[in-house]
Amino acid sequence: MNSQRLTTKSAGAEKSLFELALQAIKEIEVKKGSVIQFCGPISTGGFGNIDENIECISSTIQAAEKIGIPVFNQMAYERRMDLILENHTGYDYPLLEFFYKPILESGKIGALLFLPLWETSVGSKWEHDFAKSINIPVFYLEGPFIVEIRTIYEKIKSPS
């Protein structure tokens with residue numbers, strides 16, 4: 001009985017994450033140009049602190065948006081994802097499978113840009129490997145970010 005209840009809760013979380021992914025895809029579709037996504041540590045790795053990890057990604061997203069680069073801002077979904085997974089134990093693999101995977105498979109993301117320390121993150125490593133498996137271009141940022149971001153975006157917005 002307990003395992004059935006856990007399975008039902010898990011299925012509910014998976015459905016909610018997938019519905020959130022569909023909402024994100026609709027928001028991505030209205031953006032002009034090739035949309036990029038930044039990847040880096042949030043809950044594991046990075047600075048060893050979720051708040052600092054989020055600040056790093058958020059400030060990079062804001063800097064790119066400020067110069068007119070269309071970005072999928074996954075931070076806008078962070079609180080809702082936390083609520084959906086609040087009773088989940090262990091690593092949040094459902095988040096990867098039922099939120100990020102459908103978004104990446106949608107064909108709406110033109111490239112993934114990986115922030116420093118991305119290799120220390122379980123989720124970022126998953127995004128990296130999955131993106132490569134479906135031929136989404138992958139780039140690695142080292143700094144100064146905004147110069148690199150602009151150069152990379154110029155490459156993907158006008159494919160040769």
# chains A, B, ... in the order shown; residues from 1 in each chain; ligands from 1

$ residues_around --residues "Gln74 in chain A" --least-positions-apart "2" --cutoff "12 Å" --atoms "only C-alpha atoms" --output "VMD selection string"
chain A and resid 20 to 21 23 to 25 27 to 28 36 to 40 42 54 57 to 58 61 to 62 71 to 72 76 to 81 95 99 to 100 103

$ atom_distance --atom1 "CA of Lys26 in chain A" --atom2 "CA of Cys56 in chain A"
25.5 Å

$ select_by_dssp --residues "range 2-126 of chain A" --states "helix (DSSP H, G or I)" --output "number ranges by chain"
A: 2-29, 50-66, 74-84, 93-105, 118-120, 122-126

$ residues_around --residues "range 46-49 of chain A" --least-positions-apart "4" --cutoff "12 Å" --atoms "only C-alpha atoms" --output "count of residues only"
20

$ closest_residue --among "A:Phe98, A:Val35, A:Leu113, A:Ile50" --to "Lys15 in chain A" --atoms "only C-alpha atoms"
A:Phe98

$ closest_residue --among "A:Ala63, A:Ile69, A:Met75, A:Ala111" --to "Asp51 in chain A" --atoms "only C-alpha atoms"
A:Met75

$ closest_residue --among "A:Val30, A:Tyr91, A:Glu97, A:Thr44" --to "Leu17 in chain A" --atoms "only C-alpha atoms"
A:Glu97

$ atom_distance --atom1 "CA of Leu83 in chain A" --atom2 "CA of Leu96 in chain A"
15.4 Å

$ atom_distance --atom1 "CA of Pro94 in chain A" --atom2 "CA of Ser106 in chain A"
17.5 Å

$ select_by_dssp --residues "chain A" --states "strand (DSSP E or B)" --output "PyMOL selection string"
chain A and resi 35-39+71+109-114+138-140

$ write_last_selection --atoms "C-alpha atoms" --output "mmCIF file, in the first residue's frame"
data_model
loop_
_atom_site.group_PDB
_atom_site.id
_atom_site.type_symbol
_atom_site.label_atom_id
_atom_site.label_comp_id
_atom_site.auth_asym_id
_atom_site.auth_seq_id
_atom_site.Cartn_x
_atom_site.Cartn_y
_atom_site.Cartn_z
ATOM 1 C CA VAL A 35 16.878 30.672 -27.867
ATOM 2 C CA ILE A 36 19.775 29.677 -25.633
ATOM 3 C CA GLN A 37 19.776 28.023 -22.231
ATOM 4 C CA PHE A 38 22.435 28.451 -19.567
ATOM 5 C CA CYS A 39 23.388 25.377 -17.580
ATOM 6 C CA VAL A 71 17.174 33.074 -23.265
ATOM 7 C CA ILE A 109 16.560 25.527 -27.764
ATOM 8 C CA GLY A 110 19.331 26.553 -30.180
ATOM 9 C CA ALA A 111 22.291 25.925 -27.859
ATOM 10 C CA LEU A 112 23.259 25.172 -24.278
ATOM 11 C CA LEU A 113 25.915 27.368 -22.676
ATOM 12 C CA PHE A 114 27.633 25.799 -19.687
ATOM 13 C CA VAL A 138 27.018 22.880 -26.540
ATOM 14 C CA PHE A 139 29.391 25.694 -25.513
ATOM 15 C CA TYR A 140 31.512 26.244 -22.418
#

$ residues_around --residues "Pro70 in chain A" --least-positions-apart "6" --cutoff "8 Å" --atoms "only C-alpha atoms" --output "list of chain:residue names"
A:Lys31, A:Lys32, A:Gly33, A:Ser34, A:Val35, A:Ile36, A:Ala64

$ write_last_selection --atoms "C-alpha atoms" --output "mmCIF file, in the first residue's frame"
data_model
loop_
_atom_site.group_PDB
_atom_site.id
_atom_site.type_symbol
_atom_site.label_atom_id
_atom_site.label_comp_id
_atom_site.auth_asym_id
_atom_site.auth_seq_id
_atom_site.Cartn_x
_atom_site.Cartn_y
_atom_site.Cartn_z
ATOM 1 C CA LYS A 31 10.783 34.437 -28.381
ATOM 2 C CA LYS A 32 12.470 35.755 -31.525
ATOM 3 C CA GLY A 33 15.660 34.133 -32.781
ATOM 4 C CA SER A 34 17.602 31.127 -31.549
ATOM 5 C CA VAL A 35 16.878 30.672 -27.867
ATOM 6 C CA ILE A 36 19.775 29.677 -25.633
ATOM 7 C CA ALA A 64 22.303 38.103 -21.862
#

$ closest_residue --among "A:Glu127, A:Glu105, A:Glu65, A:Glu86" --to "Ile149 in chain A" --atoms "only C-alpha atoms"
A:Glu65

$ closest_residue --among "A:Arg150, A:His128, A:His88, A:Lys66" --to "Lys101 in chain A" --atoms "only C-alpha atoms"
A:His128
